[in-house]
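K.L.:
Structure file start27.pdb (PDB, C-alpha atoms) right here:
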ATOM      1  CA  MET D   1     137.505  68.967 140.838
ATOM      2  CA  GLU D   2     139.272  66.002 142.301
ATOM      3  CA  GLN D   3     141.258  63.388 140.453
ATOM      4  CA  PHE D   4     140.759  59.678 140.942
ATOM      5  CA  ALA D   5     142.604  56.582 139.781
ATOM      6  CA  VAL D   6     140.251  53.731 139.035
ATOM      7  CA  LYS D   7     141.148  50.111 138.411
ATOM      8  CA  VAL D   8     138.392  48.157 136.696
ATOM      9  CA  PHE D   9     138.516  44.359 136.644
ATOM     10  CA  VAL D  10     136.474  42.603 133.957
ATOM     11  CA  ARG D  11     136.052  38.851 134.288
ATOM     12  CA  LEU D  12     134.235  36.232 132.279
ATOM     13  CA  ARG D  13     131.223  35.039 134.231
ATOM     14  CA  PRO D  14     131.790  31.709 135.998
ATOM     15  CA  SER D  15     129.298  30.022 133.660
ATOM     16  CA  VAL D  16     131.270  31.040 130.549
ATOM     17  CA  LEU D  17     134.045  28.684 129.443
ATOM     18  CA  ASP D  18     137.441  30.429 129.309
ATOM     19  CA  PRO D  19     139.519  28.491 126.763
ATOM     20  CA  ALA D  20     142.481  30.890 127.091
ATOM     21  CA  GLY D  21     142.456  30.310 130.852
ATOM     22  CA  GLU D  22     142.294  26.543 130.316
ATOM     23  CA  ALA D  23     145.246  26.655 127.901
ATOM     24  CA  THR D  24     147.270  28.749 130.350
ATOM     25  CA  LYS D  25     146.375  26.375 133.178
ATOM     26  CA  SER D  26     147.601  23.485 131.089
ATOM     27  CA  ALA D  27     150.887  25.320 130.350
ATOM     28  CA  SER D  28     151.277  26.181 134.060
ATOM     29  CA  ILE D  29     151.032  22.520 134.950
ATOM     30  CA  LYS D  30     153.593  21.665 132.258
ATOM     31  CA  LEU D  31     155.890  24.255 133.862
ATOM     32  CA  GLY D  32     155.718  22.201 137.026
ATOM     33  CA  ALA D  33     153.334  24.308 139.096
ATOM     34  CA  GLU D  34     151.307  22.049 141.332
ATOM     35  CA  GLY D  35     147.958  22.511 142.978
ATOM     36  CA  ILE D  36     146.317  24.824 140.421
ATOM     37  CA  LYS D  37     142.585  24.296 140.815
ATOM     38  CA  SER D  38     141.390  26.983 138.439
ATOM     39  CA  LEU D  39     142.898  29.641 136.210
ATOM     40  CA  ARG D  40     140.801  32.258 134.443
ATOM     41  CA  ILE D  41     141.906  35.304 132.481
ATOM     42  CA  GLY D  42     140.279  38.698 132.730
ATOM     43  CA  LYS D  43     141.084  42.296 131.874
ATOM     44  CA  MET D  44     142.219  45.197 133.997
ATOM     45  CA  ILE D  45     141.451  48.715 132.809
ATOM     46  CA  GLU D  46     143.111  51.722 134.454
ATOM     47  CA  VAL D  47     141.311  55.037 134.264
ATOM     48  CA  GLU D  48     142.330  58.434 135.576
ATOM     49  CA  ILE D  49     139.289  60.627 135.851
ATOM     50  CA  ASP D  50     138.233  63.995 137.272
ATOM     51  CA  GLY D  51     135.014  64.528 139.163
ATOM     52  CA  ASN D  52     133.242  66.359 141.948
ATOM     53  CA  GLY D  53     133.638  63.762 144.650
ATOM     54  CA  GLU D  54     133.659  59.994 144.769
ATOM     55  CA  ASN D  55     129.924  59.527 144.180
ATOM     56  CA  GLU D  56     129.984  61.411 140.891
ATOM     57  CA  VAL D  57     133.014  59.449 139.706
ATOM     58  CA  ARG D  58     131.371  56.156 140.697
ATOM     59  CA  GLU D  59     128.330  57.069 138.626
ATOM     60  CA  LYS D  60     130.527  57.700 135.591
ATOM     61  CA  ILE D  61     132.503  54.498 136.068
ATOM     62  CA  ASP D  62     129.334  52.438 136.598
ATOM     63  CA  LEU D  63     128.010  53.691 133.268
ATOM     64  CA  LEU D  64     131.305  52.974 131.491
ATOM     65  CA  CYS D  65     131.518  49.472 132.959
ATOM     66  CA  ASP D  66     127.929  48.611 132.178
ATOM     67  CA  ARG D  67     127.811  50.028 128.668
ATOM     68  CA  LEU D  68     131.355  49.685 127.353
ATOM     69  CA  PHE D  69     134.073  48.003 129.429
ATOM     70  CA  ALA D  70     132.089  44.815 130.085
ATOM     71  CA  ASN D  71     129.452  42.908 128.168
ATOM     72  CA  THR D  72     127.251  41.811 131.053
ATOM     73  CA  VAL D  73     125.894  38.908 129.024
ATOM     74  CA  ILE D  74     129.262  37.197 129.444
ATOM     75  CA  GLU D  75     131.262  39.302 131.898
ATOM     76  CA  ASP D  76     131.169  40.622 135.463
ATOM     77  CA  TYR D  77     133.050  43.697 136.605
ATOM     78  CA  GLU D  78     134.256  45.326 139.785
ATOM     79  CA  TYR D  79     136.499  48.297 140.429
ATOM     80  CA  SER D  80     138.571  50.005 143.064
ATOM     81  CA  LEU D  81     138.946  53.733 143.308
ATOM     82  CA  GLU D  82     141.677  55.862 144.784
ATOM     83  CA  LYS D  83     141.737  59.634 145.226
ATOM     84  CA  LEU D  84     144.941  61.133 143.850
TER      85      LEU D  84
ATOM     86  CA  MET H  85     112.401  46.155  92.774
ATOM     87  CA  ASP H  86     114.461  48.109  90.256
ATOM     88  CA  ASN H  87     115.451  50.783  92.719
ATOM     89  CA  PHE H  88     115.814  48.537  95.725
ATOM     90  CA  THR H  89     119.161  49.361  97.312
ATOM     91  CA  VAL H  90     121.033  47.412  99.948
ATOM     92  CA  GLY H  91     123.321  49.465 102.174
ATOM     93  CA  VAL H  92     126.622  47.735 102.956
ATOM     94  CA  VAL H  93     128.145  49.234 106.067
ATOM     95  CA  VAL H  94     131.858  49.960 106.103
ATOM     96  CA  PHE H  95     133.588  50.254 109.454
ATOM     97  CA  PRO H  96     137.319  50.807 109.812
ATOM     98  CA  GLY H  97     138.472  47.177 109.681
ATOM     99  CA  SER H  98     135.546  45.722 107.713
ATOM    100  CA  ASN H  99     136.952  43.342 105.107
ATOM    101  CA  CYS H 100     133.945  41.549 103.616
ATOM    102  CA  ASP H 101     132.119  44.686 102.474
ATOM    103  CA  ARG H 102     133.288  44.315  98.886
ATOM    104  CA  ASP H 103     132.526  40.586  98.844
ATOM    105  CA  VAL H 104     128.953  41.320  99.937
ATOM    106  CA  SER H 105     128.601  44.034  97.352
ATOM    107  CA  TRP H 106     130.044  41.781  94.634
ATOM    108  CA  ALA H 107     127.688  38.936  95.536
ATOM    109  CA  LEU H 108     124.634  41.204  95.559
ATOM    110  CA  GLU H 109     125.471  43.150  92.412
ATOM    111  CA  GLY H 110     127.298  40.533  90.355
ATOM    112  CA  CYS H 111     125.339  37.415  91.244
ATOM    113  CA  LEU H 112     121.901  38.803  92.050
ATOM    114  CA  ASP H 113     121.718  42.111  90.208
ATOM    115  CA  ILE H 114     120.718  43.922  93.405
ATOM    116  CA  ARG H 115     121.936  47.479  93.712
ATOM    117  CA  THR H 116     124.213  48.283  96.673
ATOM    118  CA  LYS H 117     125.561  51.367  98.327
ATOM    119  CA  TYR H 118     128.444  51.583 100.780
ATOM    120  CA  LEU H 119     127.545  53.300 104.030
ATOM    121  CA  TRP H 120     130.454  54.751 106.013
ATOM    122  CA  HIS H 121     130.057  54.078 109.739
ATOM    123  CA  GLU H 122     129.918  57.797 110.522
ATOM    124  CA  SER H 123     126.823  58.253 108.411
ATOM    125  CA  SER H 124     123.474  58.249 110.136
ATOM    126  CA  ASP H 125     121.380  58.893 107.030
ATOM    127  CA  LEU H 126     119.737  55.608 106.063
ATOM    128  CA  SER H 127     116.947  57.202 104.045
ATOM    129  CA  ASP H 128     118.039  55.925 100.625
ATOM    130  CA  VAL H 129     118.628  52.275 101.470
ATOM    131  CA  ASP H 130     115.942  49.610 101.773
ATOM    132  CA  ALA H 131     117.931  46.943 103.622
ATOM    133  CA  ILE H 132     121.298  46.831 105.365
ATOM    134  CA  VAL H 133     124.160  44.349 105.597
ATOM    135  CA  LEU H 134     126.711  44.552 108.391
ATOM    136  CA  PRO H 135     129.622  42.672 106.795
ATOM    137  CA  GLY H 136     132.388  40.594 108.316
ATOM    138  CA  GLY H 137     135.817  41.807 109.298
ATOM    139  CA  PHE H 138     137.426  43.315 112.344
ATOM    140  CA  SER H 139     135.583  46.570 112.997
ATOM    141  CA  TYR H 140     137.752  48.937 115.031
ATOM    142  CA  GLY H 141     140.367  46.190 115.225
ATOM    143  CA  ASP H 142     138.039  44.128 117.444
ATOM    144  CA  TYR H 143     139.430  46.215 120.317
ATOM    145  CA  LEU H 144     137.959  45.526 123.764
ATOM    146  CA  ARG H 145     135.549  42.879 122.395
ATOM    147  CA  CYS H 146     134.445  42.059 118.846
ATOM    148  CA  GLY H 147     131.783  44.550 117.843
ATOM    149  CA  ALA H 148     131.998  46.508 121.095
ATOM    150  CA  ILE H 149     133.251  49.793 119.657
ATOM    151  CA  ALA H 150     131.162  49.636 116.474
ATOM    152  CA  ARG H 151     128.092  49.771 118.664
ATOM    153  CA  PHE H 152     128.786  53.448 119.370
ATOM    154  CA  SER H 153     129.028  54.540 115.733
ATOM    155  CA  PRO H 154     126.439  57.022 114.390
ATOM    156  CA  LEU H 155     125.285  54.391 111.921
ATOM    157  CA  ILE H 156     124.458  51.817 114.577
ATOM    158  CA  ASN H 157     122.622  54.498 116.557
ATOM    159  CA  ALA H 158     120.481  55.168 113.494
ATOM    160  CA  LEU H 159     119.856  51.454 113.000
ATOM    161  CA  ASP H 160     117.315  51.309 115.816
ATOM    162  CA  GLU H 161     114.686  53.256 113.862
ATOM    163  CA  PHE H 162     115.498  51.308 110.708
ATOM    164  CA  VAL H 163     114.900  47.973 112.472
ATOM    165  CA  LYS H 164     111.738  49.219 114.174
ATOM    166  CA  SER H 165     110.345  50.218 110.786
ATOM    167  CA  GLY H 166     110.560  46.535 109.799
ATOM    168  CA  LYS H 167     113.328  46.918 107.235
ATOM    169  CA  ARG H 168     115.733  44.014 106.943
ATOM    170  CA  VAL H 169     119.185  43.856 108.498
ATOM    171  CA  LEU H 170     121.673  41.048 107.917
ATOM    172  CA  GLY H 171     124.746  40.768 110.153
ATOM    173  CA  ILE H 172     127.430  38.392 108.909
ATOM    174  CA  CYS H 173     130.249  37.245 111.220
ATOM    175  CA  ASN H 174     131.590  40.508 112.681
ATOM    176  CA  GLY H 175     128.175  41.947 111.744
ATOM    177  CA  PHE H 176     126.535  39.312 113.956
ATOM    178  CA  GLN H 177     128.911  40.240 116.784
ATOM    179  CA  ILE H 178     127.939  43.903 116.358
ATOM    180  CA  LEU H 179     124.232  43.028 116.435
ATOM    181  CA  THR H 180     124.615  41.178 119.750
ATOM    182  CA  GLU H 181     126.852  43.846 121.303
ATOM    183  CA  SER H 182     124.359  46.541 120.390
ATOM    184  CA  GLY H 183     121.382  44.577 121.695
ATOM    185  CA  PHE H 184     119.534  43.973 118.412
ATOM    186  CA  LEU H 185     119.996  40.240 118.993
ATOM    187  CA  PRO H 186     120.360  38.439 122.343
ATOM    188  CA  GLY H 187     123.471  36.640 123.584
ATOM    189  CA  ALA H 188     127.144  37.153 122.807
ATOM    190  CA  LEU H 189     129.938  35.646 120.709
ATOM    191  CA  VAL H 190     133.081  34.589 122.530
ATOM    192  CA  ALA H 191     136.407  32.919 121.693
ATOM    193  CA  ASN H 192     136.176  29.547 119.940
ATOM    194  CA  LYS H 193     136.452  26.644 122.343
ATOM    195  CA  ASN H 194     139.721  25.413 120.812
ATOM    196  CA  LEU H 195     141.111  28.982 120.498
ATOM    197  CA  ASN H 196     141.797  28.457 116.802
ATOM    198  CA  PHE H 197     140.721  30.800 114.055
ATOM    199  CA  ILE H 198     138.600  28.401 112.026
ATOM    200  CA  CYS H 199     138.414  28.746 108.265
ATOM    201  CA  ASP H 200     136.309  25.952 106.805
ATOM    202  CA  ASP H 201     133.091  24.923 105.094
ATOM    203  CA  VAL H 202     130.400  23.796 107.520
ATOM    204  CA  GLU H 203     127.147  21.895 107.146
ATOM    205  CA  LEU H 204     124.190  23.648 108.707
ATOM    206  CA  ASP H 205     120.632  22.691 109.527
ATOM    207  CA  ILE H 206     118.002  25.278 108.749
ATOM    208  CA  VAL H 207     116.024  25.253 111.978
ATOM    209  CA  SER H 208     113.676  28.140 111.309
ATOM    210  CA  SER H 209     112.877  30.118 108.217
ATOM    211  CA  LYS H 210     111.431  32.948 110.297
ATOM    212  CA  GLY H 211     111.712  36.150 108.330
ATOM    213  CA  GLY H 212     112.104  34.196 105.088
ATOM    214  CA  TRP H 213     115.920  34.213 105.269
ATOM    215  CA  PHE H 214     116.184  30.515 104.403
ATOM    216  CA  LYS H 215     114.395  28.005 102.238
ATOM    217  CA  ASN H 216     111.352  26.629 103.936
ATOM    218  CA  GLY H 217     110.523  23.019 103.177
ATOM    219  CA  ASP H 218     108.635  20.115 104.680
ATOM    220  CA  GLU H 219     111.816  18.088 104.731
ATOM    221  CA  LYS H 220     114.796  19.048 106.847
ATOM    222  CA  GLN H 221     116.983  21.442 104.903
ATOM    223  CA  THR H 222     120.752  21.395 105.071
ATOM    224  CA  ILE H 223     123.113  23.945 103.540
ATOM    225  CA  LYS H 224     126.875  24.329 103.325
ATOM    226  CA  LEU H 225     128.501  27.707 103.970
ATOM    227  CA  PRO H 226     132.044  28.873 104.735
ATOM    228  CA  ILE H 227     133.024  30.102 108.183
ATOM    229  CA  ALA H 228     136.060  32.195 109.102
ATOM    230  CA  HIS H 229     136.209  33.337 112.707
ATOM    231  CA  GLY H 230     138.150  33.227 115.951
ATOM    232  CA  GLU H 231     135.291  34.374 118.146
ATOM    233  CA  GLY H 232     132.150  32.647 116.978
ATOM    234  CA  ARG H 233     131.102  30.635 120.007
ATOM    235  CA  TYR H 234     127.541  31.684 120.706
ATOM    236  CA  HIS H 235     126.682  32.073 124.380
ATOM    237  CA  CYS H 236     123.558  33.117 126.274
ATOM    238  CA  ASP H 237     121.927  32.288 129.597
ATOM    239  CA  SER H 238     119.423  29.449 129.919
ATOM    240  CA  ASP H 239     116.367  31.754 129.994
ATOM    241  CA  THR H 240     117.461  33.371 126.732
ATOM    242  CA  LEU H 241     118.090  29.973 125.139
ATOM    243  CA  LYS H 242     114.597  28.838 126.116
ATOM    244  CA  LYS H 243     113.163  32.003 124.588
ATOM    245  CA  LEU H 244     115.132  31.424 121.376
ATOM    246  CA  VAL H 245     113.851  27.865 121.118
ATOM    247  CA  ASP H 246     110.245  28.617 122.119
ATOM    248  CA  ASN H 247     109.927  31.527 119.683
ATOM    249  CA  GLU H 248     111.718  29.765 116.810
ATOM    250  CA  LEU H 249     114.450  32.380 116.710
ATOM    251  CA  ILE H 250     117.270  29.927 116.017
ATOM    252  CA  ALA H 251     117.789  30.059 112.280
ATOM    253  CA  LEU H 252     120.852  27.851 111.790
ATOM    254  CA  ARG H 253     122.576  25.112 113.776
ATOM    255  CA  TYR H 254     125.955  23.517 113.035
ATOM    256  CA  ILE H 255     125.718  19.813 112.267
ATOM    257  CA  ASN H 256     129.303  19.319 113.541
ATOM    258  CA  ASN H 257     129.774  22.163 116.007
ATOM    259  CA  PRO H 258     133.187  23.665 115.112
ATOM    260  CA  ASN H 259     133.567  26.284 117.851
ATOM    261  CA  GLY H 260     131.689  25.144 120.958
ATOM    262  CA  SER H 261     128.617  27.297 120.346
ATOM    263  CA  LEU H 262     125.813  26.749 122.833
ATOM    264  CA  PHE H 263     123.154  24.450 121.363
ATOM    265  CA  ASP H 264     125.192  24.403 118.104
ATOM    266  CA  ILE H 265     123.822  27.853 117.279
ATOM    267  CA  ALA H 266     125.222  29.428 114.083
ATOM    268  CA  GLY H 267     122.577  32.099 113.434
ATOM    269  CA  ILE H 268     119.546  33.691 115.073
ATOM    270  CA  THR H 269     116.827  36.212 114.239
ATOM    271  CA  ASN H 270     115.007  38.797 116.301
ATOM    272  CA  GLU H 271     111.372  38.151 117.232
ATOM    273  CA  LYS H 272     110.016  40.120 114.303
ATOM    274  CA  GLY H 273     112.271  38.174 111.927
ATOM    275  CA  ASN H 274     113.640  41.226 110.108
ATOM    276  CA  VAL H 275     117.105  40.984 111.706
ATOM    277  CA  LEU H 276     119.330  37.961 111.075
ATOM    278  CA  GLY H 277     122.793  37.455 112.513
ATOM    279  CA  LEU H 278     124.955  34.501 111.507
ATOM    280  CA  MET H 279     128.613  33.495 111.750
ATOM    281  CA  PRO H 280     128.828  31.719 108.347
ATOM    282  CA  HIS H 281     129.424  33.813 105.227
ATOM    283  CA  PRO H 282     126.604  33.494 102.655
ATOM    284  CA  GLU H 283     128.346  36.038 100.392
ATOM    285  CA  ARG H 284     131.211  33.569  99.925
ATOM    286  CA  ALA H 285     128.822  30.916  98.594
ATOM    287  CA  CYS H 286     127.152  32.657  95.694
ATOM    288  CA  ASP H 287     128.896  31.157  92.690
ATOM    289  CA  GLU H 288     129.662  27.548  91.755
ATOM    290  CA  THR H 289     133.155  28.524  90.641
ATOM    291  CA  ILE H 290     134.084  29.382  94.228
ATOM    292  CA  GLY H 291     132.540  26.335  95.823
ATOM    293  CA  GLY H 292     128.783  26.648  96.142
ATOM    294  CA  THR H 293     125.638  28.709  95.900
ATOM    295  CA  ASP H 294     123.920  27.967  99.207
ATOM    296  CA  GLY H 295     124.325  31.584 100.279
ATOM    297  CA  LEU H 296     122.318  33.036  97.406
ATOM    298  CA  PHE H 297     118.914  32.470  98.983
ATOM    299  CA  THR H 298     119.761  34.452 102.120
ATOM    300  CA  LEU H 299     121.214  37.413 100.222
ATOM    301  CA  LYS H 300     118.309  37.394  97.799
ATOM    302  CA  SER H 301     115.859  37.489 100.684
ATOM    303  CA  LEU H 302     117.163  40.955 101.598
ATOM    304  CA  ILE H 303     114.697  42.314  99.058
ATOM    305  CA  LEU H 304     111.685  40.762 100.800
ATOM    306  CA  LYS H 305     109.298  43.279 102.294
TER     307      LYS H 305
END
Before anything else, please render the file you have as structure tokens.

P.N.:
Amino acid sequence: MEQFAVKVFVRLRPSVLDPAGEATKSASIKLGAEGIKSLRIGKMIEVEIDGNGENEVREKIDLLCDRLFANTVIEDYEYSLEKL
Amino acid sequence: MDNFTVGVVVFPGSNCDRDVSWALEGCLDIRTKYLWHESSDLSDVDAIVLPGGFSYGDYLRCGAIARFSPLINALDEFVKSGKRVLGICNGFQILTESGFLPGALVANKNLNFICDDVELDIVSSKGGWFKNGDEKQTIKLPIAHGEGRYHCDSDTLKKLVDNELIALRYINNPNGSLFDIAGITNEKGNVLGLMPHPERACDETIGGTDGLFTLKSLILK
């Protein structure tokens, strides 16, 4: 068994309005930050997981992302994986 | 109909389960039974209500964790058999997360939790959930949600419109819902999900009775 650290990023799809992102963008501009074109808020999920090799772990993470971590009607996901 | 029993599902965090039960029993004389989310035995109920609230604390996304409960797993057979399922507010969110209804419910456009009475157009009475008339029907129901903005892709919206699956539309869209959608049914018509709370509009003393028809229609075959 090998251990992997996985970082999953879940983002609202570009077509879905992100009101929290818009509010934060507005506050950023009030803070004086210039040049902000877009600001969108997502989630990052950290998982430590055991598996027999990277492929097996990717299969597990794909299932988790598709069925639980993200709702693919409104969200996209991607992840990075590091062997510990 | 004497023995007709409506199952009211209780998740950790449900908070409208007793309201639904009160409205059904007290206002309509329909028997109810609470169903704990870990139960998968639906054999002694004839229809099911998924009530409002914050199932599993709305962790991850509203309705996302409830989808994996034994009860929701058992719901598939129940729906396929043609029995009626009503998802109110958080119940609607659970129905979309678990794939019984298309689309998703996301944060209100203005980020506020909105607690108000809203005017709604009855667009379709598919499944008999709403009064069907020649003239346009309008009802008033309370809403109370932070994440009630309906969203789906354009193909799904076309399908909803073409198949008359949109049950209710807001007259003054409070939350930014796509196409003013407040409630939809599945194609068969036996599953309805809506953000407004019909159980809170079942008695004149608390502001109206426009919700009675929908709750009463649970006993339709």

K.L.:
At a cut-off of 9 Å, can you tabulate as JSON lines every residue of chain D near chain H together with its closest atom pair and the distance in Å to one decimal, using all atoms listed in the file and ordering rows by chain then number?

P.N.:
{"residue": "D:Ser15", "atom": "CA", "partner": "H:Asp237", "partner_atom": "CA", "distance": 8.7}
{"residue": "D:Val16", "atom": "CA", "partner": "H:His235", "partner_atom": "CA", "distance": 7.8}
{"residue": "D:Leu17", "atom": "CA", "partner": "H:Lys193", "partner_atom": "CA", "distance": 7.8}
{"residue": "D:Asp18", "atom": "CA", "partner": "H:Lys193", "partner_atom": "CA", "distance": 8.0}
{"residue": "D:Pro19", "atom": "CA", "partner": "H:Lys193", "partner_atom": "CA", "distance": 5.7}
{"residue": "D:Ala20", "atom": "CA", "partner": "H:Leu195", "partner_atom": "CA", "distance": 7.0}
{"residue": "D:Ala23", "atom": "CA", "partner": "H:Leu195", "partner_atom": "CA", "distance": 8.8}
{"residue": "D:Leu68", "atom": "CA", "partner": "H:Ala148", "partner_atom": "CA", "distance": 7.0}
{"residue": "D:Phe69", "atom": "CA", "partner": "H:Leu144", "partner_atom": "CA", "distance": 7.3}
{"residue": "D:Ala70", "atom": "CA", "partner": "H:Arg145", "partner_atom": "CA", "distance": 8.7}
{"residue": "D:Asn71", "atom": "CA", "partner": "H:Glu181", "partner_atom": "CA", "distance": 7.4}
{"residue": "D:Val73", "atom": "CA", "partner": "H:Gly187", "partner_atom": "CA", "distance": 6.4}
{"residue": "D:Ile74", "atom": "CA", "partner": "H:Ala188", "partner_atom": "CA", "distance": 7.0}

K.L.:
Please enumerate the residues selected by the PyMOL selection byres ((chain H and resi 205) around 6) when evaluated against the supplied file, formatted as a list in words.

P.N.:
Leu204, Ile206, Val207, Thr222, Leu252 and Arg253 of chain H

K.L.:
Okay, now the selection with C-alpha atoms, as a PDB file, keeping the file's coordinate frame?

P.N.:
ATOM      1  CA  LEU H 204     124.190  23.648 108.707  1.00  0.00           C
ATOM      2  CA  ILE H 206     118.002  25.278 108.749  1.00  0.00           C
ATOM      3  CA  VAL H 207     116.024  25.253 111.978  1.00  0.00           C
ATOM      4  CA  THR H 222     120.752  21.395 105.071  1.00  0.00           C
ATOM      5  CA  LEU H 252     120.852  27.851 111.790  1.00  0.00           C
ATOM      6  CA  ARG H 253     122.576  25.112 113.776  1.00  0.00           C
TER       7      ARG H 253
END

K.L.:
So, counting all atoms listed in the file, which residue among H:Gly273, H:Gly291, H:Gly232, H:Gly171 is closest to Ser261 of chain H?

P.N.:
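Among H:Gly273, H:Gly291, H:Gly232, H:Gly171, it is H:Gly232 that comes nearest to Ser261 of chain H.
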
K.L.:
Given the file shown, determine the residues that the PyMOL selection byres ((chain H and resi 90) around 7) selects; report them as a list in words.

P.N.:
Phe88, Thr89, Gly91, Val92, Arg115, Thr116, Lys117, Val129, Asp130, Ala131 and Ile132 of chain H

K.L.:
May I have the residues from that selection written out with C-alpha atoms, as an mmCIF file, in the frame of the given file?

P.N.:
data_model
loop_
_atom_site.group_PDB
_atom_site.id
_atom_site.type_symbol
_atom_site.label_atom_id
_atom_site.label_comp_id
_atom_site.auth_asym_id
_atom_site.auth_seq_id
_atom_site.Cartn_x
_atom_site.Cartn_y
_atom_site.Cartn_z
ATOM 1 C CA PHE H 88 115.814 48.537 95.725
ATOM 2 C CA THR H 89 119.161 49.361 97.312
ATOM 3 C CA GLY H 91 123.321 49.465 102.174
ATOM 4 C CA VAL H 92 126.622 47.735 102.956
ATOM 5 C CA ARG H 115 121.936 47.479 93.712
ATOM 6 C CA THR H 116 124.213 48.283 96.673
ATOM 7 C CA LYS H 117 125.561 51.367 98.327
ATOM 8 C CA VAL H 129 118.628 52.275 101.470
ATOM 9 C CA ASP H 130 115.942 49.610 101.773
ATOM 10 C CA ALA H 131 117.931 46.943 103.622
ATOM 11 C CA ILE H 132 121.298 46.831 105.365
#

K.L.:
Residues at most 7 Å from Met1 of chain D, counting only C-alpha atoms, excluding those fewer than 2 positions away in the same chain, as a list in words?

P.N.:
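So, after excluding close chain neighbours, the residues are Gln3, Asp50, Gly51 and Asn52 of chain D.
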
K.L.:
Now that the selection is made, can you save its residues with C-alpha atoms as a PDB file, in the coordinates of the input?

P.N.:
ATOM      1  CA  GLN D   3     141.258  63.388 140.453  1.00  0.00           C
ATOM      2  CA  ASP D  50     138.233  63.995 137.272  1.00  0.00           C
ATOM      3  CA  GLY D  51     135.014  64.528 139.163  1.00  0.00           C
ATOM      4  CA  ASN D  52     133.242  66.359 141.948  1.00  0.00           C
TER       5      ASN D  52
END

K.L.:
Once 5 Å is added on each side, what centre and edge lengths in Å to one decimal does the axis-aligned box around all listed atoms of segment 5-17 of chain D have, as lines of an AutoDock Vina configuration file?

P.N.:
center_x = 136.0
center_y = 42.6
center_z = 134.6
size_x = 23.3
size_y = 37.9
size_z = 20.3

K.L.:
Show which residues sit within 7 Å of Leu39 of chain D, as a ChimeraX atom specification. Count only C-alpha atoms, and ignore same-chain residues fewer than 5 positions away.

P.N.:
/D:21-22,25

K.L.:
Write out, as a PDB file, keeping the file's coordinate frame, the residues just selected, with C-alpha atoms.

P.N.:
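The result, written out as part_18.pdb:
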ATOM      1  CA  GLY D  21     142.456  30.310 130.852  1.00  0.00           C
ATOM      2  CA  GLU D  22     142.294  26.543 130.316  1.00  0.00           C
ATOM      3  CA  LYS D  25     146.375  26.375 133.178  1.00  0.00           C
TER       4      LYS D  25
END

K.L.:
Name the closest residue to Leu304 of chain H among the candidates H:Gly110, H:Gly183, H:Lys167, H:Leu119; distances are taken between atoms, counting all atoms listed in the file.

P.N.:
H:Lys167

K.L.:
I need the residue nearest Val10 of chain D from this list: D:Thr72, D:Gly35, D:Thr24, D:Asn55. Use all atoms listed in the file for the distance.

P.N.:
D:Thr72

K.L.:
In Å, how far is it from atom CA of Trp120 of chain H to atom CA of Ser98 of chain H?

P.N.:
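Atom CA of Ser98 of chain H lies 10.5 Å from atom CA of Trp120 of chain H.
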
K.L.:
Specify as a ChimeraX atom specification each residue included when the PyMOL selection byres ((chain H and resi 172-176) around 10) is applied to this file.

P.N.:
/H:93,98-100,104,133-139,142,146-147,150,169-171,177-182,184-185,188-189,227-229,231-232,266-268,275-283

K.L.:
Would you mind telling me which residue in D:Gly42, D:Glu2, D:Lys60, D:Gly32 lies nearest to Tyr77 of chain D when using only C-alpha atoms?

P.N.:
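Among D:Gly42, D:Glu2, D:Lys60, D:Gly32, it is D:Gly42 that comes nearest to Tyr77 of chain D.
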
K.L.:
In Å, rounded to a single decimal, give me how far atom CA of Lys164 of chain H is from atom CA of Leu249 of chain H.

P.N.:
17.2 Å

K.L.:
Quick one: pull the distance between atom CA of Lys83 of chain D and atom CA of Asp62 of chain D, Å, one decimal.

P.N.:
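These two atoms are separated by 16.7 Å.
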
K.L.:
Could you pull the residues within 8 Å of Ile49 of chain D, counting all atoms listed in the file, minus those fewer than 5 positions along the same chain, as number ranges by chain?

P.N.:
D: 3-6, 57

K.L.:
Write segment 16-24 of chain D as a CSV table (one decimal), in the frame of the given file, completed to N, CA and C atoms.

P.N.:
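So out13.csv came out as:
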chain,number,residue,atom,x,y,z
D,16,VAL,N,130.7,31.0,131.9
D,16,VAL,CA,131.3,31.0,130.5
D,16,VAL,C,132.6,30.4,130.5
D,17,LEU,N,132.8,29.4,129.6
D,17,LEU,CA,134.0,28.7,129.4
D,17,LEU,C,135.1,29.7,129.0
D,18,ASP,N,136.3,29.6,129.6
D,18,ASP,CA,137.4,30.4,129.3
D,18,ASP,C,138.6,29.6,128.7
D,19,PRO,N,138.5,29.4,127.4
D,19,PRO,CA,139.5,28.5,126.8
D,19,PRO,C,140.9,29.0,126.9
D,20,ALA,N,141.1,30.3,126.9
D,20,ALA,CA,142.5,30.9,127.1
D,20,ALA,C,143.0,30.6,128.5
D,21,GLY,N,142.1,30.7,129.5
D,21,GLY,CA,142.5,30.3,130.9
D,21,GLY,C,142.8,28.8,131.0
D,22,GLU,N,142.0,28.0,130.3
D,22,GLU,CA,142.3,26.5,130.3
D,22,GLU,C,143.7,26.2,129.7
D,23,ALA,N,144.0,26.9,128.6
D,23,ALA,CA,145.2,26.7,127.9
D,23,ALA,C,146.4,27.1,128.8
D,24,THR,N,146.2,28.2,129.5
D,24,THR,CA,147.3,28.7,130.4
D,24,THR,C,147.4,27.8,131.6
